[in-house]
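Structure data follow from protein25.cif (mmCIF, C-alpha atoms and all ligand atoms):
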```
data_entry
#
loop_
_atom_site.label_atom_id
_atom_site.label_comp_id
_atom_site.auth_asym_id
_atom_site.auth_seq_id
_atom_site.Cartn_x
_atom_site.Cartn_y
_atom_site.Cartn_z
CA MET A 1 0.00 0.00 0.00
CA SER A 2 1.42 3.37 -0.94
CA PHE A 3 1.00 6.31 1.35
CA ASN A 4 2.25 9.72 0.33
CA ALA A 5 1.87 12.71 2.62
CA ASN A 6 2.14 14.99 -0.42
CA ASN A 7 -1.29 13.82 -1.57
CA PHE A 8 -2.82 15.87 1.21
CA ARG A 9 -3.07 19.54 0.43
CA ASP A 10 -3.29 22.49 2.82
CA VAL A 11 -6.69 23.15 4.35
CA ASP A 12 -8.25 25.75 2.07
CA PRO A 13 -12.03 25.92 2.35
CA GLY A 14 -12.30 29.18 0.42
CA GLU A 15 -14.53 32.01 1.56
CA ARG A 16 -18.18 31.65 2.41
CA VAL A 17 -20.97 33.87 3.63
CA LEU A 18 -22.55 31.84 6.41
CA MET A 19 -26.27 32.62 6.46
CA GLY A 20 -27.56 29.26 7.60
CA PRO A 21 -28.70 28.09 11.04
CA GLY A 22 -25.06 28.06 12.24
CA PRO A 23 -22.15 28.17 12.24
CA SER A 24 -22.25 31.89 11.47
CA ASP A 25 -19.48 34.06 10.06
CA VAL A 26 -16.54 34.40 12.45
CA SER A 27 -14.66 37.67 12.69
CA VAL A 28 -10.95 37.67 11.87
CA ARG A 29 -10.27 38.96 15.38
CA VAL A 30 -11.63 35.70 16.82
CA LEU A 31 -9.62 33.55 14.43
CA GLN A 32 -6.47 35.52 15.27
CA ALA A 33 -7.07 35.08 19.01
CA MET A 34 -7.42 31.34 18.45
CA SER A 35 -4.00 31.17 16.82
CA ALA A 36 -2.20 32.44 19.94
CA PRO A 37 0.24 29.93 21.49
CA CYS A 38 -1.34 27.03 23.34
CA ILE A 39 -0.31 27.14 27.00
CA GLY A 40 -1.01 24.85 29.96
CA HIS A 41 -4.52 24.60 31.37
CA LEU A 42 -3.23 25.43 34.87
CA ASP A 43 -0.84 28.17 33.74
CA PRO A 44 -1.64 31.33 35.75
CA VAL A 45 -1.99 33.26 32.48
CA PHE A 46 -4.63 30.81 31.29
CA LEU A 47 -6.38 30.84 34.68
CA SER A 48 -6.87 34.59 34.37
CA ILE A 49 -8.20 34.13 30.82
CA MET A 50 -10.72 31.64 32.28
CA ASP A 51 -11.79 34.16 34.92
CA GLU A 52 -12.24 36.89 32.32
CA THR A 53 -14.23 34.54 30.10
CA GLN A 54 -16.57 33.80 33.02
CA ARG A 55 -17.02 37.51 33.76
CA LEU A 56 -17.81 38.21 30.11
CA LEU A 57 -20.27 35.30 30.03
CA ARG A 58 -22.07 36.57 33.13
CA PHE A 59 -22.41 39.94 31.40
CA LEU A 60 -23.85 38.29 28.28
CA PHE A 61 -26.28 36.07 30.22
CA GLN A 62 -27.08 39.06 32.51
CA THR A 63 -26.55 37.02 35.65
CA GLU A 64 -24.64 36.87 38.90
CA ASN A 65 -24.59 33.05 38.81
CA ALA A 66 -21.22 31.74 40.03
CA LEU A 67 -21.43 28.66 37.82
CA THR A 68 -21.32 30.35 34.42
CA ILE A 69 -18.82 28.56 32.20
CA PRO A 70 -18.29 27.21 28.70
CA VAL A 71 -18.83 23.43 28.61
CA SER A 72 -16.31 21.64 26.36
CA GLY A 73 -18.54 20.60 23.47
CA THR A 74 -21.12 22.12 21.13
CA GLY A 75 -24.62 23.32 22.06
CA SER A 76 -25.94 19.78 22.37
CA ALA A 77 -23.30 19.08 25.03
CA GLY A 78 -24.72 22.04 26.96
CA MET A 79 -28.22 20.59 26.58
CA GLU A 80 -27.04 17.22 27.86
CA THR A 81 -25.10 18.88 30.70
CA CYS A 82 -28.25 20.56 32.01
CA PHE A 83 -30.36 17.42 31.92
CA VAL A 84 -27.80 14.97 33.33
CA ASN A 85 -27.05 17.27 36.26
CA LEU A 86 -30.61 18.31 37.11
CA VAL A 87 -32.53 15.09 36.42
CA GLU A 88 -32.47 11.72 38.17
CA PRO A 89 -34.17 8.48 37.15
CA GLY A 90 -37.89 8.63 37.91
CA ASP A 91 -38.09 12.45 38.01
CA GLU A 92 -40.96 14.07 36.14
CA VAL A 93 -39.66 16.42 33.45
CA VAL A 94 -41.78 18.73 31.29
CA VAL A 95 -40.41 19.37 27.81
CA CYS A 96 -42.10 21.82 25.43
CA VAL A 97 -41.77 20.68 21.82
CA ASN A 98 -42.39 22.80 18.72
CA GLY A 99 -39.37 21.86 16.64
CA VAL A 100 -36.21 19.79 16.35
CA PHE A 101 -34.51 20.94 19.53
CA GLY A 102 -37.42 20.24 21.87
CA THR A 103 -37.52 16.78 20.31
CA ARG A 104 -33.81 16.35 21.10
CA MET A 105 -34.46 17.30 24.74
CA CYS A 106 -37.10 14.53 24.94
CA ASP A 107 -34.59 11.99 23.63
CA ILE A 108 -32.15 12.92 26.39
CA VAL A 109 -34.84 12.84 29.12
CA ASN A 110 -35.92 9.36 27.98
CA ARG A 111 -32.33 8.09 28.01
CA LEU A 112 -32.02 9.25 31.63
CA GLY A 113 -34.93 7.10 32.75
CA ALA A 114 -36.98 10.13 33.78
CA LYS A 115 -40.75 10.46 33.29
CA LEU A 116 -41.27 12.67 30.27
CA ILE A 117 -44.24 15.04 30.21
CA LYS A 118 -44.27 16.26 26.61
CA VAL A 119 -46.16 19.43 25.70
CA ASP A 120 -46.55 19.91 21.95
CA ALA A 121 -47.29 22.81 19.65
CA ASP A 122 -47.33 22.81 15.85
CA TRP A 123 -43.95 23.47 14.27
CA GLY A 124 -43.89 27.19 13.45
CA LYS A 125 -46.11 28.07 16.44
CA THR A 126 -45.25 29.09 20.02
CA ILE A 127 -46.00 26.94 23.08
CA ASP A 128 -49.29 27.89 24.71
CA PRO A 129 -48.77 28.28 28.49
CA ASP A 130 -52.29 26.90 29.15
CA THR A 131 -51.39 23.54 27.59
CA VAL A 132 -48.41 23.40 29.97
CA ARG A 133 -50.63 24.19 32.98
CA GLU A 134 -53.04 21.46 31.85
CA ALA A 135 -50.24 18.90 31.36
CA ILE A 136 -48.77 19.30 34.86
CA LYS A 137 -52.04 19.29 36.84
CA GLY A 138 -51.55 17.07 39.89
CA LYS A 139 -47.88 16.47 39.02
CA SER A 140 -44.71 17.77 40.59
CA PRO A 141 -42.14 18.12 37.82
CA LYS A 142 -38.47 18.56 38.70
CA VAL A 143 -37.69 20.54 35.55
CA LEU A 144 -39.65 22.52 32.96
CA ALA A 145 -37.64 22.86 29.77
CA VAL A 146 -38.23 25.01 26.70
CA VAL A 147 -36.34 26.32 23.67
CA HIS A 148 -36.19 30.13 23.58
CA ALA A 149 -35.28 30.43 19.88
CA GLU A 150 -36.34 27.36 17.85
CA THR A 151 -33.77 27.40 15.07
CA SER A 152 -35.63 24.72 13.13
CA THR A 153 -38.70 26.94 12.63
CA GLY A 154 -37.71 30.55 13.35
CA VAL A 155 -40.13 30.92 16.29
CA LEU A 156 -39.41 33.10 19.33
CA GLN A 157 -40.89 31.65 22.52
CA PRO A 158 -42.07 34.17 25.16
CA LEU A 159 -40.69 33.06 28.54
CA GLU A 160 -42.57 35.10 31.19
CA ASP A 161 -45.62 32.81 31.61
CA LEU A 162 -43.60 29.61 31.46
CA SER A 163 -41.21 30.99 34.08
CA SER A 164 -44.16 31.67 36.41
CA ILE A 165 -45.62 28.21 35.82
CA ALA A 166 -42.26 26.65 36.70
CA LYS A 167 -42.07 28.70 39.92
CA GLU A 168 -45.66 27.84 40.92
CA SER A 169 -45.09 24.13 40.39
CA GLY A 170 -41.70 24.09 42.13
CA ALA A 171 -39.87 23.04 38.96
CA LEU A 172 -36.50 24.34 37.83
CA PHE A 173 -36.89 26.46 34.68
CA LEU A 174 -34.41 25.30 32.04
CA VAL A 175 -34.05 27.27 28.80
CA ASP A 176 -32.23 26.48 25.55
CA MET A 177 -30.55 29.74 24.54
CA VAL A 178 -28.32 28.34 21.83
CA THR A 179 -29.65 30.68 19.16
CA SER A 180 -31.06 33.52 21.27
CA LEU A 181 -27.96 34.40 23.33
CA ALA A 182 -26.20 37.50 21.92
CA GLY A 183 -28.97 38.13 19.37
CA ILE A 184 -32.00 39.07 21.47
CA GLU A 185 -32.49 40.03 25.08
CA VAL A 186 -31.61 37.26 27.47
CA SER A 187 -31.58 38.14 31.12
CA LEU A 188 -31.31 35.06 33.29
CA ASP A 189 -31.76 36.69 36.68
CA LYS A 190 -34.62 38.99 35.62
CA MET A 191 -36.44 36.23 33.73
CA GLY A 192 -36.31 33.76 36.62
CA ILE A 193 -34.31 31.17 34.69
CA ASP A 194 -32.64 28.52 36.85
CA ALA A 195 -30.44 26.92 34.22
CA ALA A 196 -29.58 27.79 30.62
CA TYR A 197 -27.22 26.63 27.91
CA SER A 198 -26.06 28.11 24.64
CA GLY A 199 -23.54 27.49 21.87
CA THR A 200 -20.66 29.50 20.47
CA GLN A 201 -21.42 29.23 16.74
CA LYS A 202 -24.72 31.04 16.47
CA CYS A 203 -25.06 34.69 17.54
CA ILE A 204 -21.79 34.67 19.50
CA SER A 205 -19.99 34.15 16.15
CA CYS A 206 -17.18 31.97 17.43
CA PRO A 207 -16.50 28.58 15.79
CA PRO A 208 -18.49 25.60 17.13
CA GLY A 209 -16.92 23.77 20.04
CA LEU A 210 -18.07 25.34 23.29
CA SER A 211 -21.39 25.57 25.07
CA PRO A 212 -21.81 28.39 27.61
CA ILE A 213 -24.04 27.31 30.51
CA SER A 214 -25.24 28.96 33.70
CA PHE A 215 -26.80 27.44 36.83
CA ASN A 216 -28.33 29.56 39.62
CA ALA A 217 -28.35 28.74 43.35
CA ALA A 218 -31.52 26.62 43.07
CA ALA A 219 -29.99 24.53 40.28
CA MET A 220 -26.75 24.10 42.30
CA GLU A 221 -28.79 23.10 45.36
CA SER A 222 -30.65 20.48 43.35
CA LEU A 223 -27.32 19.15 42.07
CA LYS A 224 -25.96 18.96 45.63
CA ASN A 225 -29.03 17.08 46.89
CA ARG A 226 -28.97 14.34 44.26
CA LYS A 227 -29.52 10.81 45.51
CA SER A 228 -27.58 9.26 42.62
CA PRO A 229 -24.33 10.37 40.96
CA VAL A 230 -24.53 12.26 37.67
CA VAL A 231 -24.49 9.55 34.98
CA SER A 232 -22.00 11.42 32.78
CA TRP A 233 -18.50 11.68 34.23
CA TYR A 234 -17.39 14.27 31.65
CA LEU A 235 -20.35 16.61 32.12
CA ASP A 236 -20.68 16.33 35.92
CA MET A 237 -20.84 19.97 37.02
CA SER A 238 -20.02 19.14 40.64
CA MET A 239 -16.53 18.21 39.37
CA VAL A 240 -16.17 20.60 36.41
CA SER A 241 -17.17 23.57 38.59
CA SER A 242 -14.25 22.97 40.91
CA TYR A 243 -11.81 23.38 37.99
CA TRP A 244 -13.52 26.66 36.96
CA GLY A 245 -13.88 27.78 40.62
CA ALA A 246 -11.34 28.54 43.34
CA ASP A 247 -10.03 24.96 43.72
CA ARG A 248 -8.68 24.70 40.15
CA LYS A 249 -8.81 20.97 40.53
CA TYR A 250 -7.94 19.12 37.33
CA HIS A 251 -10.94 17.45 35.76
CA HIS A 252 -10.37 17.48 32.00
CA THR A 253 -7.99 19.59 29.93
CA ALA A 254 -9.72 22.79 28.87
CA PRO A 255 -9.82 23.37 25.08
CA ILE A 256 -7.36 26.25 25.46
CA ASN A 257 -7.48 27.88 22.02
CA MET A 258 -11.27 27.59 21.76
CA ILE A 259 -11.48 29.56 24.98
CA TYR A 260 -9.18 32.25 23.54
CA GLY A 261 -11.64 32.49 20.65
CA LEU A 262 -14.69 32.68 22.88
CA ARG A 263 -13.11 35.34 25.07
CA GLU A 264 -12.41 37.48 21.99
CA ALA A 265 -15.93 36.97 20.60
CA LEU A 266 -17.37 38.01 23.98
CA ARG A 267 -15.08 41.04 24.09
CA ILE A 268 -16.40 42.11 20.66
CA ILE A 269 -19.96 41.75 21.99
CA ALA A 270 -19.16 43.84 25.07
CA GLU A 271 -17.56 46.54 22.89
CA GLU A 272 -20.68 46.74 20.72
CA GLY A 273 -23.00 46.75 23.73
CA LEU A 274 -25.99 44.47 24.18
CA GLU A 275 -28.69 47.00 23.25
CA ASP A 276 -26.93 47.99 20.03
CA ARG A 277 -26.30 44.38 19.15
CA PHE A 278 -29.95 43.41 19.60
CA ALA A 279 -31.06 46.48 17.62
CA ARG A 280 -28.69 45.55 14.78
CA HIS A 281 -30.14 42.02 14.61
CA MET A 282 -33.67 43.44 14.52
CA LEU A 283 -32.92 46.04 11.85
CA ASN A 284 -31.28 43.57 9.44
CA HIS A 285 -34.10 41.07 10.05
CA ARG A 286 -36.74 43.70 9.20
CA ALA A 287 -34.89 44.62 6.02
CA LEU A 288 -34.61 40.96 4.99
CA VAL A 289 -38.30 40.32 5.60
CA SER A 290 -39.22 43.47 3.71
CA GLY A 291 -37.10 42.31 0.76
CA ILE A 292 -38.53 38.78 0.85
CA GLU A 293 -42.09 40.11 0.89
CA GLY A 294 -41.18 42.68 -1.75
CA MET A 295 -40.20 39.76 -3.97
CA GLY A 296 -43.63 38.25 -3.42
CA LEU A 297 -42.48 35.44 -1.13
CA SER A 298 -43.77 34.88 2.41
CA MET A 299 -42.42 34.05 5.84
CA LEU A 300 -43.45 30.88 7.70
CA VAL A 301 -43.89 32.49 11.12
CA PRO A 302 -46.45 35.27 11.76
CA GLU A 303 -45.13 38.75 12.50
CA GLY A 304 -44.48 39.30 16.20
CA GLU A 305 -43.39 35.68 16.77
CA ARG A 306 -40.36 35.73 14.48
CA LEU A 307 -36.74 35.37 15.45
CA PRO A 308 -34.55 38.19 14.18
CA MET A 309 -31.57 35.89 13.69
CA LEU A 310 -33.27 33.00 11.88
CA ASN A 311 -35.72 33.67 9.09
CA ALA A 312 -37.87 30.82 7.79
CA VAL A 313 -38.87 31.72 4.22
CA GLN A 314 -41.57 29.68 2.48
CA ILE A 315 -40.24 28.09 -0.70
CA PRO A 316 -42.29 29.48 -3.59
CA GLU A 317 -44.16 27.29 -6.04
CA GLY A 318 -41.94 26.10 -8.88
CA ALA A 319 -38.63 26.59 -7.03
CA ASP A 320 -36.33 23.59 -6.64
CA ASP A 321 -35.16 23.68 -3.00
CA LEU A 322 -31.90 21.80 -3.49
CA LYS A 323 -30.99 23.51 -6.77
CA VAL A 324 -31.51 26.95 -5.24
CA ARG A 325 -29.30 26.16 -2.25
CA LYS A 326 -26.65 24.61 -4.50
CA ALA A 327 -26.62 27.70 -6.74
CA LEU A 328 -26.32 29.96 -3.69
CA LEU A 329 -23.32 27.98 -2.50
CA ASN A 330 -21.57 27.35 -5.80
CA ASP A 331 -22.28 30.58 -7.65
CA PHE A 332 -22.42 33.04 -4.75
CA GLY A 333 -20.49 31.35 -1.92
CA MET A 334 -23.49 31.66 0.40
CA GLU A 335 -24.80 29.03 2.76
CA ILE A 336 -28.42 28.95 3.94
CA GLY A 337 -30.26 26.08 5.62
CA GLY A 338 -33.02 23.82 4.33
CA GLY A 339 -36.07 22.83 6.34
CA LEU A 340 -35.88 20.08 8.97
CA GLY A 341 -38.41 17.35 9.80
CA ASP A 342 -41.96 18.40 8.88
CA LEU A 343 -40.61 21.52 7.19
CA ALA A 344 -38.14 19.76 4.86
CA GLY A 345 -38.64 21.05 1.31
CA LYS A 346 -41.07 23.70 2.56
CA VAL A 347 -38.81 26.44 3.94
CA TRP A 348 -35.38 27.96 3.65
CA ARG A 349 -33.74 29.00 6.89
CA VAL A 350 -31.82 32.20 6.44
CA GLY A 351 -29.57 33.12 9.34
CA LEU A 352 -28.57 36.65 10.25
CA MET A 353 -26.52 35.70 13.28
CA GLY A 354 -23.87 37.71 15.09
CA HIS A 355 -21.13 38.85 12.73
CA ALA A 356 -23.27 37.76 9.74
CA SER A 357 -26.15 40.08 10.68
CA ARG A 358 -25.14 42.84 8.28
CA ARG A 359 -26.72 45.04 5.64
CA ARG A 360 -24.20 43.72 3.12
CA ASN A 361 -25.43 40.16 3.64
CA VAL A 362 -29.10 41.13 3.40
CA PHE A 363 -28.51 42.68 -0.03
CA LEU A 364 -26.20 39.90 -1.21
CA PHE A 365 -28.78 37.29 -0.31
CA LEU A 366 -31.78 39.08 -1.80
CA SER A 367 -30.01 39.76 -5.10
CA ALA A 368 -28.60 36.24 -5.35
CA LEU A 369 -31.96 34.65 -4.54
CA GLU A 370 -33.79 36.83 -7.05
CA THR A 371 -31.27 35.96 -9.77
CA ILE A 372 -31.49 32.23 -9.07
CA LEU A 373 -35.29 32.13 -8.89
CA LYS A 374 -35.63 34.04 -12.15
CA ALA A 375 -33.23 31.61 -13.83
CA GLN A 376 -35.47 28.76 -12.61
CA GLY A 377 -38.48 30.44 -14.20
CA VAL A 378 -40.08 31.32 -10.86
CA ASN A 379 -42.25 34.41 -10.95
CA VAL A 380 -40.73 37.02 -8.63
CA GLN A 381 -41.94 40.58 -8.18
CA PRO A 382 -39.40 43.33 -8.83
CA GLY A 383 -38.38 45.70 -6.07
CA ALA A 384 -36.91 43.43 -3.34
CA LEU A 385 -33.82 45.60 -2.90
CA GLU A 386 -35.84 48.83 -2.79
CA ALA A 387 -38.12 47.27 -0.17
CA ALA A 388 -35.12 46.24 1.96
CA SER A 389 -33.48 49.59 1.42
CA SER A 390 -36.52 51.48 2.70
CA VAL A 391 -36.06 49.84 6.11
CA TYR A 392 -32.56 51.29 6.63
C1 LIG B 1 -27.84 24.58 17.12
C2 LIG B 1 -28.78 24.33 18.24
C3 LIG B 1 -28.56 23.32 19.20
C4 LIG B 1 -27.44 22.33 19.09
O1 LIG B 1 -26.21 22.89 19.03
P1 LIG B 1 -24.97 22.10 18.37
O2 LIG B 1 -23.88 23.11 18.48
O3 LIG B 1 -25.36 21.79 16.96
O4 LIG B 1 -24.71 20.90 19.16
C5 LIG B 1 -29.46 23.22 20.24
N1 LIG B 1 -30.52 24.05 20.35
C6 LIG B 1 -30.76 25.01 19.43
C7 LIG B 1 -31.96 25.89 19.60
C8 LIG B 1 -29.90 25.17 18.35
O5 LIG B 1 -30.15 26.12 17.44
#
```

Before anything else, please render the file you have as structure tokens.
Amino acid sequence: MSFNANNFRDVDPGERVLMGPGPSDVSVRVLQAMSAPCIGHLDPVFLSIMDETQRLLRFLFQTENALTIPVSGTGSAGMETCFVNLVEPGDEVVVCVNGVFGTRMCDIVNRLGAKLIKVDADWGKTIDPDTVREAIKGKSPKVLAVVHAETSTGVLQPLEDLSSIAKESGALFLVDMVTSLAGIEVSLDKMGIDAAYSGTQKCISCPPGLSPISFNAAAMESLKNRKSPVVSWYLDMSMVSSYWGADRKYHHTAPINMIYGLREALRIIAEEGLEDRFARHMLNHRALVSGIEGMGLSMLVPEGERLPMLNAVQIPEGADDLKVRKALLNDFGMEIGGGLGDLAGKVWRVGLMGHASRRRNVFLFLSALETILKAQGVNVQPGALEAASSVY
């Protein structure tokens, strides 16, 4: 067998505009930070970088929670971390499901041997708090879990009522903030959220690989009072927290350069300011929607329930889903997402996340889409760019 190292070329993915459901475009500053020398995970210089990363994360989550750290792994690792630490076999757990990520939560809850109380809503709709109230009558759930920004459908879930229901029923309120964090207002302490997880590759605009999580005192108390050990050794927060806390006890080697990248991405967010960042996401979203509607296409989600960072556009009659996405990628270097599950072939998911939420991208996408649809013989109205332009 012949093996020649010269057959492998340098990594050269070319340039893309990432307007899918994640990863999103990463700023050069973050990539540069990640190329700094790798040092030891107990080196005092690295320890201070860890502390700063935690402070920046608390600012982003708007919380005083001591346990606010990036879990080593992508958003799904954060999801699993929350459930394995807060749930024991036999516990009742309410999961709200209106898309792919609620479904994933159910899978994890079932694997843990907990009693799943599933509350459904149609994909593309929000969860109705009354159906949650109805589902937990006479029950005492340990956790009530919901996705804040359902990336599979583009729906924004209001949290106030669900937070109250959790408090009234004595359940911990667990929220998936993978797509919402750094794109819309997220305020853990004000919103009464006991535990939350996110991911670095959506609105934080850092490559995938870390999952910021935060547990409040009630969540830590529940962890301390467990009758059985956490089933995952790697994700056991009672051990991981002592590495991130004062003890600095070795648990697993931190992904050093990923943390450099996250720290830089968080620093960029702090420099922009949360209010300005949320306003930027909203403005570019409004312009995109205006352009889409100007073209004669429609959005899946009704106005008022839409996510600013993930736009589900209904695929017009006569358009070939796959061919359109291929042309976007090959001819224009742009990535968008297709529909998942029930929505496969029915919607395109257009991300305007973090660094990618820019006027430039809105216009690039609208002009590319219009060109491609016309070439496929799809009837599009003129004036998409003017419609988008009028929003700015
Ligand atoms: C992307 C996403 C996840 C999963 O994150 P990964 O980084 O792909 O593991 C979970 N929840 C939501 C809402 C997401 O958008």

**Request:** May I ask you to write as number ranges by chain all residues lying at most 8 Å from ligand LIG 1 (chain B), with only C-alpha atoms and all ligand atoms counted?
**Result:** A: 21-22, 73-79, 101, 147-152, 176-180, 198-202, 208-211

**Request:** Compile the contact shell of segment 92-98 of chain A as a PyMOL selection string: residues with an atom at most 6 Å away, counting only C-alpha atoms, same-chain residues fewer than 3 positions apart removed.
**Result:** chain A and resi 102-103+115-123+141-146

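If you look at atom CA of Glu160 of chain A and atom CA of Pro89 of chain A, they are 28.5 Å away from each other.
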
**Message:** I'd like the contact shell of Ile269 of chain A - 12 Å cut-off, only C-alpha atoms, skipping same-chain residues fewer than 6 positions apart - returned as a PyMOL selection string.
**Reply:** chain A and resi 27+30+56-57+59-61+181-183+203-206+262-263+275-278+280+354-355

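In this model, the gap between atom CA of Thr131 of chain A and atom CA of Ile165 of chain A comes to 11.1 Å.
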
For segment 263-285 of chain A of the block above, can you save N, CA and C atoms as a compact mmCIF listing (two decimals), in the first residue's frame?
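Dumped everything to part_17.txt:
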```
# COMPACT_ATOMS: atom_id res chain seq x y z
N ARG A 263 -13.37 34.11 24.32
CA ARG A 263 -13.11 35.34 25.07
C ARG A 263 -13.09 36.54 24.12
N GLU A 264 -12.46 36.37 22.94
CA GLU A 264 -12.41 37.48 21.99
C GLU A 264 -13.80 37.79 21.43
N ALA A 265 -14.58 36.75 21.13
CA ALA A 265 -15.93 36.97 20.60
C ALA A 265 -16.78 37.70 21.64
N LEU A 266 -16.61 37.35 22.91
CA LEU A 266 -17.37 38.01 23.98
C LEU A 266 -16.92 39.46 24.16
N ARG A 267 -15.61 39.68 23.97
CA ARG A 267 -15.08 41.04 24.09
C ARG A 267 -15.66 41.93 22.98
N ILE A 268 -15.80 41.36 21.78
CA ILE A 268 -16.40 42.11 20.66
C ILE A 268 -17.85 42.47 21.00
N ILE A 269 -18.56 41.52 21.61
CA ILE A 269 -19.96 41.75 21.99
C ILE A 269 -20.04 42.87 23.03
N ALA A 270 -19.15 42.82 24.01
CA ALA A 270 -19.16 43.84 25.07
C ALA A 270 -18.83 45.22 24.49
N GLU A 271 -17.91 45.25 23.53
CA GLU A 271 -17.56 46.54 22.89
C GLU A 271 -18.76 47.11 22.15
N GLU A 272 -19.51 46.26 21.47
CA GLU A 272 -20.68 46.74 20.72
C GLU A 272 -21.78 47.19 21.68
N GLY A 273 -21.93 46.47 22.77
CA GLY A 273 -23.00 46.75 23.73
C GLY A 273 -24.22 45.90 23.40
N LEU A 274 -24.88 45.39 24.42
CA LEU A 274 -25.99 44.47 24.18
C LEU A 274 -27.14 45.13 23.44
N GLU A 275 -27.53 46.32 23.89
CA GLU A 275 -28.69 47.00 23.25
C GLU A 275 -28.44 47.22 21.76
N ASP A 276 -27.24 47.72 21.44
CA ASP A 276 -26.93 47.99 20.03
C ASP A 276 -26.88 46.70 19.23
N ARG A 277 -26.39 45.65 19.86
CA ARG A 277 -26.30 44.38 19.15
C ARG A 277 -27.70 43.84 18.84
N PHE A 278 -28.59 43.91 19.82
CA PHE A 278 -29.95 43.41 19.60
C PHE A 278 -30.65 44.26 18.53
N ALA A 279 -30.43 45.58 18.60
CA ALA A 279 -31.06 46.48 17.62
C ALA A 279 -30.55 46.17 16.21
N ARG A 280 -29.26 45.88 16.10
CA ARG A 280 -28.69 45.55 14.78
C ARG A 280 -29.34 44.27 14.23
N HIS A 281 -29.49 43.26 15.08
CA HIS A 281 -30.14 42.02 14.61
C HIS A 281 -31.56 42.30 14.13
N MET A 282 -32.28 43.15 14.87
CA MET A 282 -33.67 43.44 14.52
C MET A 282 -33.76 44.22 13.21
N LEU A 283 -32.88 45.20 13.06
CA LEU A 283 -32.92 46.04 11.85
C LEU A 283 -32.66 45.19 10.60
N ASN A 284 -31.62 44.38 10.62
CA ASN A 284 -31.28 43.57 9.44
C ASN A 284 -32.37 42.53 9.16
N HIS A 285 -32.97 42.01 10.21
CA HIS A 285 -34.10 41.07 10.05
C HIS A 285 -35.26 41.76 9.35
```
